[in-house]
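These notes concern the structure reproduced below.
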Amino acid sequence: MQRKELEEMSAVETDHWWHSGKRLFMRRLLADHLRSKDGRLHILDVGCGTGANAVELSSYGDVIACDRSMDALRMAAARGVRCLCAASAPDLPFAAGTFDVVTAFDIIEHVEDDAGFVRDLARVLVPGGALAIHVPAWPSLWSGHDEILEHKRRYTYRGLRALLDGSGLRIEHLGWASCALFLPTAAVRWTRRLTGRGQDTQDMGLVPRPLNNVLRAVYRAEAELAVRVGLPFGVSLAAIAVKPST
């Protein structure tokens with residue numbers, strides 16, 4: 001991600017419905033793994049961006065925020081993130097079995113070798129530790145938004161399952177996210193593709209605060225449904241995968 005996109009994200013990441021809703025959704029899926037019986041957790045946030053996720057995770061344990069972009073790390077530091085690491089999987093500078101929880105939200109789609117990336121994330125987990133992944137779904141939704149953000153791919157359900165199975169992790173949850181956004185997102189992107197207009201823009205515009213609050217509430221409701229019964233479809237895929245204890 002270029003500096004311009006990072007600055008735009010940093011300006012809105014704390015409150016914007018997409019960013020804050022995604023973090024809320026993923027924390028709900030991770031809830032059982034964010035409860036420590038033996039003190040504070042050791043957490044790694046890979047692809048930390050400008051640091052909002054690391055700030056929220058710090059209430060559960062000691063967080064190291066990791067990103068390959070020095071611009072992103074400087075912005076995370078300005079947000080108050082204290083433990084920072086300039087690195088990227090599959091070359092994470094941590095010993096095997098270091099972290100209780102590893103998060104990778106909207107990051108593995110940026111990597112050419114996503115299989116090697118996920119294997120390295122699995123390597124640094126302690127036995128019984130959890131990896132949380134959030135990725136864009138449906139290759140048919142590919143648009144200028146993906147190109148601006150330098151995505152390599154969008155995932156299918158089967159593709160993400162195969163990726164996690166190949167890492168040696170046990171899938172605890174694999175399902176859709178952002179269900180309510182699917183139809184409007186598909187309509188906008190397919191219309192742009194047909195008309196050739198708007199292909200050079202992101203989809204993350206600001207919205208009025210009341211609508212922003214409504215959209216965050218939608219994410220909260222979807223998180224409960226995702227945990228209990230699963231969502232039928234969505235713009236994104238979310239997964240929790242656990243490292244076997246033996």
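Just remember, in the structure tokens the first chain shown is A, the second B, etc., residues are 1-based per chain, and ligands are 1-based in the order shown.
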So that I can check the surroundings of range 122-126 of chain A, please list as an MDAnalysis selection string every protein, DNA and RNA residue that reaches within 9 Å of it, counting only C-alpha atoms and ignoring chain neighbours fewer than 6 positions away.
chainID A and resid 92 94:102 167:169 241:245
Tell me, which residues of range 77-160 of chain A carry DSSP strand (DSSP E), written as a list of chain:residue names?
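Selecting the strand (DSSP E) positions of range 77-160 of chain A gives A:Leu84, A:Cys85, A:Ala86, A:Phe99, A:Asp100, A:Val101, A:Val102, A:Thr103, A:Ala104, A:Phe105, A:Leu125, A:Val126, A:Pro127, A:Gly128, A:Gly129, A:Ala130, A:Leu131, A:Ala132, A:Ile133, A:His134, A:Val135, A:Pro136.
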Take the residues from that selection and put them in a file with N, CA, C and O atoms, as an mmCIF file, in the first residue's frame.
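Contents of the output file result23.cif:
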data_model
loop_
_atom_site.group_PDB
_atom_site.id
_atom_site.type_symbol
_atom_site.label_atom_id
_atom_site.label_comp_id
_atom_site.auth_asym_id
_atom_site.auth_seq_id
_atom_site.Cartn_x
_atom_site.Cartn_y
_atom_site.Cartn_z
ATOM 1 N N LEU A 84 6.957 -2.408 17.845
ATOM 2 C CA LEU A 84 6.835 -2.433 16.389
ATOM 3 C C LEU A 84 7.956 -3.268 15.785
ATOM 4 O O LEU A 84 9.069 -3.319 16.315
ATOM 5 N N CYS A 85 7.649 -3.895 14.650
ATOM 6 C CA CYS A 85 8.633 -4.748 13.985
ATOM 7 C C CYS A 85 8.497 -4.573 12.480
ATOM 8 O O CYS A 85 7.404 -4.726 11.934
ATOM 9 N N ALA A 86 9.605 -4.247 11.813
ATOM 10 C CA ALA A 86 9.614 -4.130 10.363
ATOM 11 C C ALA A 86 9.980 -5.489 9.771
ATOM 12 O O ALA A 86 11.150 -5.878 9.761
ATOM 13 N N PHE A 99 3.705 -16.898 20.057
ATOM 14 C CA PHE A 99 2.506 -16.097 20.257
ATOM 15 C C PHE A 99 1.263 -16.951 20.512
ATOM 16 O O PHE A 99 1.077 -18.001 19.902
ATOM 17 N N ASP A 100 0.409 -16.441 21.391
ATOM 18 C CA ASP A 100 -0.878 -17.089 21.676
ATOM 19 C C ASP A 100 -1.898 -16.806 20.589
ATOM 20 O O ASP A 100 -2.754 -17.644 20.288
ATOM 21 N N VAL A 101 -1.831 -15.604 20.022
ATOM 22 C CA VAL A 101 -2.768 -15.178 18.977
ATOM 23 C C VAL A 101 -1.992 -14.432 17.904
ATOM 24 O O VAL A 101 -1.138 -13.588 18.215
ATOM 25 N N VAL A 102 -2.268 -14.745 16.649
ATOM 26 C CA VAL A 102 -1.722 -14.001 15.515
ATOM 27 C C VAL A 102 -2.894 -13.519 14.663
ATOM 28 O O VAL A 102 -3.797 -14.299 14.338
ATOM 29 N N THR A 103 -2.892 -12.238 14.318
ATOM 30 C CA THR A 103 -3.948 -11.693 13.458
ATOM 31 C C THR A 103 -3.343 -11.236 12.141
ATOM 32 O O THR A 103 -2.241 -10.669 12.104
ATOM 33 N N ALA A 104 -4.081 -11.490 11.058
ATOM 34 C CA ALA A 104 -3.669 -11.051 9.713
ATOM 35 C C ALA A 104 -4.932 -10.616 8.984
ATOM 36 O O ALA A 104 -5.565 -11.409 8.303
ATOM 37 N N PHE A 105 -5.297 -9.350 9.165
ATOM 38 C CA PHE A 105 -6.554 -8.837 8.621
ATOM 39 C C PHE A 105 -6.296 -8.119 7.297
ATOM 40 O O PHE A 105 -5.591 -7.112 7.248
ATOM 41 N N LEU A 125 3.009 -19.568 16.196
ATOM 42 C CA LEU A 125 1.971 -19.806 17.208
ATOM 43 C C LEU A 125 2.423 -20.853 18.219
ATOM 44 O O LEU A 125 3.087 -21.826 17.873
ATOM 45 N N VAL A 126 1.998 -20.669 19.474
ATOM 46 C CA VAL A 126 2.179 -21.722 20.470
ATOM 47 C C VAL A 126 1.185 -22.836 20.173
ATOM 48 O O VAL A 126 0.151 -22.604 19.527
ATOM 49 N N PRO A 127 1.452 -24.066 20.601
ATOM 50 C CA PRO A 127 0.435 -25.120 20.469
ATOM 51 C C PRO A 127 -0.854 -24.685 21.162
ATOM 52 O O PRO A 127 -0.840 -24.205 22.293
ATOM 53 N N GLY A 128 -1.953 -24.799 20.452
ATOM 54 C CA GLY A 128 -3.232 -24.320 20.969
ATOM 55 C C GLY A 128 -3.503 -22.874 20.650
ATOM 56 O O GLY A 128 -4.606 -22.376 20.914
ATOM 57 N N GLY A 129 -2.521 -22.174 20.060
ATOM 58 C CA GLY A 129 -2.708 -20.777 19.696
ATOM 59 C C GLY A 129 -3.568 -20.625 18.462
ATOM 60 O O GLY A 129 -3.754 -21.560 17.681
ATOM 61 N N ALA A 130 -4.097 -19.414 18.255
ATOM 62 C CA ALA A 130 -5.079 -19.181 17.190
ATOM 63 C C ALA A 130 -4.595 -18.136 16.193
ATOM 64 O O ALA A 130 -4.053 -17.091 16.576
ATOM 65 N N LEU A 131 -4.819 -18.435 14.922
ATOM 66 C CA LEU A 131 -4.582 -17.491 13.833
ATOM 67 C C LEU A 131 -5.926 -16.970 13.349
ATOM 68 O O LEU A 131 -6.842 -17.746 13.056
ATOM 69 N N ALA A 132 -6.063 -15.651 13.258
ATOM 70 C CA ALA A 132 -7.288 -15.018 12.752
ATOM 71 C C ALA A 132 -6.987 -14.338 11.430
ATOM 72 O O ALA A 132 -6.076 -13.505 11.345
ATOM 73 N N ILE A 133 -7.747 -14.706 10.397
ATOM 74 C CA ILE A 133 -7.535 -14.175 9.049
ATOM 75 C C ILE A 133 -8.826 -13.567 8.517
ATOM 76 O O ILE A 133 -9.903 -14.118 8.707
ATOM 77 N N HIS A 134 -8.694 -12.426 7.852
ATOM 78 C CA HIS A 134 -9.802 -11.783 7.155
ATOM 79 C C HIS A 134 -9.299 -11.440 5.762
ATOM 80 O O HIS A 134 -8.224 -10.838 5.618
ATOM 81 N N VAL A 135 -10.027 -11.836 4.708
ATOM 82 C CA VAL A 135 -9.585 -11.603 3.337
ATOM 83 C C VAL A 135 -10.773 -11.195 2.456
ATOM 84 O O VAL A 135 -11.917 -11.534 2.756
ATOM 85 N N PRO A 136 -10.505 -10.502 1.347
ATOM 86 C CA PRO A 136 -11.571 -10.217 0.382
ATOM 87 C C PRO A 136 -11.971 -11.488 -0.356
ATOM 88 O O PRO A 136 -11.128 -12.339 -0.660
#
Would you kindly return, as an NGL selection string, each protein, DNA or RNA residue with an atom no farther than 8 Å from any atom of Phe233 in chain A, considering only C-alpha atoms and excluding same-chain residues fewer than 5 positions away?
:A and (176-177 or 179 or 182)
Output the selection as an mmCIF file, in the first residue's frame - N, CA and C atoms for each residue.
data_model
loop_
_atom_site.group_PDB
_atom_site.id
_atom_site.type_symbol
_atom_site.label_atom_id
_atom_site.label_comp_id
_atom_site.auth_asym_id
_atom_site.auth_seq_id
_atom_site.Cartn_x
_atom_site.Cartn_y
_atom_site.Cartn_z
ATOM 1 N N TRP A 176 -18.334 -16.530 5.933
ATOM 2 C CA TRP A 176 -18.448 -15.242 5.263
ATOM 3 C C TRP A 176 -18.498 -14.095 6.264
ATOM 4 N N ALA A 177 -18.123 -12.927 5.790
ATOM 5 C CA ALA A 177 -18.237 -11.683 6.548
ATOM 6 C C ALA A 177 -18.775 -10.600 5.619
ATOM 7 N N CYS A 179 -21.942 -9.615 5.080
ATOM 8 C CA CYS A 179 -23.064 -10.160 4.310
ATOM 9 C C CYS A 179 -23.960 -9.054 3.751
ATOM 10 N N PHE A 182 -22.945 -7.335 0.498
ATOM 11 C CA PHE A 182 -22.652 -8.091 -0.714
ATOM 12 C C PHE A 182 -23.408 -7.560 -1.928
#
Measuring atom to atom with only C-alpha atoms, identify which of A:Leu34, A:Leu149, A:Val81, A:Leu141 is nearest to Arg3 in chain A.
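Looking only at the distances to Arg3 in chain A, the closest residue turns out to be A:Leu149.
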If we count only C-alpha atoms and set the cut-off at 7 Å, which residues sit around Ser178 in chain A, ignoring sequence neighbours fewer than 5 positions away in its own chain? Please answer as a list in words.
Gly234, Val235 and Ser236 of chain A
Write the selection just made, keeping all heavy atoms, as a tab-separated table (two decimals), in the first residue's frame?
chain	number	residue	atom	x	y	z
A	234	GLY	N	-21.04	-13.24	1.63
A	234	GLY	CA	-20.47	-11.99	2.10
A	234	GLY	C	-19.39	-11.49	1.16
A	234	GLY	O	-18.91	-12.22	0.28
A	235	VAL	N	-19.00	-10.25	1.34
A	235	VAL	CA	-17.95	-9.64	0.54
A	235	VAL	C	-16.58	-10.19	0.93
A	235	VAL	O	-15.66	-10.21	0.12
A	235	VAL	CB	-17.98	-8.11	0.71
A	235	VAL	CG1	-16.82	-7.44	-0.03
A	235	VAL	CG2	-19.30	-7.55	0.20
A	236	SER	N	-16.46	-10.64	2.18
A	236	SER	CA	-15.18	-11.11	2.71
A	236	SER	C	-15.33	-12.50	3.31
A	236	SER	O	-16.44	-12.99	3.52
A	236	SER	CB	-14.67	-10.15	3.79
A	236	SER	OG	-14.56	-8.83	3.29
Give me, please, the distance in Å between CA of Leu163 in chain A and CA of Ala115 in chain A, quoted to one decimal.
6.1 Å
Counting only C-alpha atoms, which residue out of A:Pro90, A:Asp120, A:Arg216, A:Leu225 sits closest to Trp17 in chain A?
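Checking each of A:Pro90, A:Asp120, A:Arg216, A:Leu225 against Trp17 in chain A, counting only C-alpha atoms, the winner is A:Arg216.
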Please provide the set of residues having any atom within 8 Å of Tyr157 in chain A, restricted to only C-alpha atoms, with same-chain residues fewer than 6 positions apart removed, written as JSON, numbers by chain.
{"A": [137, 175, 237]}
Could you take the residues named above and write them with N, CA, C and O atoms, as a PDB file, in the first residue's frame?
ATOM      1  N   ALA A 137     -13.252 -11.620  -0.661  1.00  0.00           N
ATOM      2  CA  ALA A 137     -13.775 -12.836  -1.287  1.00  0.00           C
ATOM      3  C   ALA A 137     -14.322 -12.534  -2.684  1.00  0.00           C
ATOM      4  O   ALA A 137     -14.503 -11.381  -3.073  1.00  0.00           O
ATOM      5  N   GLY A 175     -15.913 -18.825   7.422  1.00  0.00           N
ATOM      6  CA  GLY A 175     -17.223 -18.383   6.943  1.00  0.00           C
ATOM      7  C   GLY A 175     -17.168 -16.992   6.348  1.00  0.00           C
ATOM      8  O   GLY A 175     -16.119 -16.353   6.271  1.00  0.00           O
ATOM      9  N   LEU A 237     -14.180 -13.113   3.595  1.00  0.00           N
ATOM     10  CA  LEU A 237     -14.114 -14.379   4.313  1.00  0.00           C
ATOM     11  C   LEU A 237     -13.324 -14.170   5.600  1.00  0.00           C
ATOM     12  O   LEU A 237     -12.350 -13.417   5.634  1.00  0.00           O
TER      13      LEU A 237
END
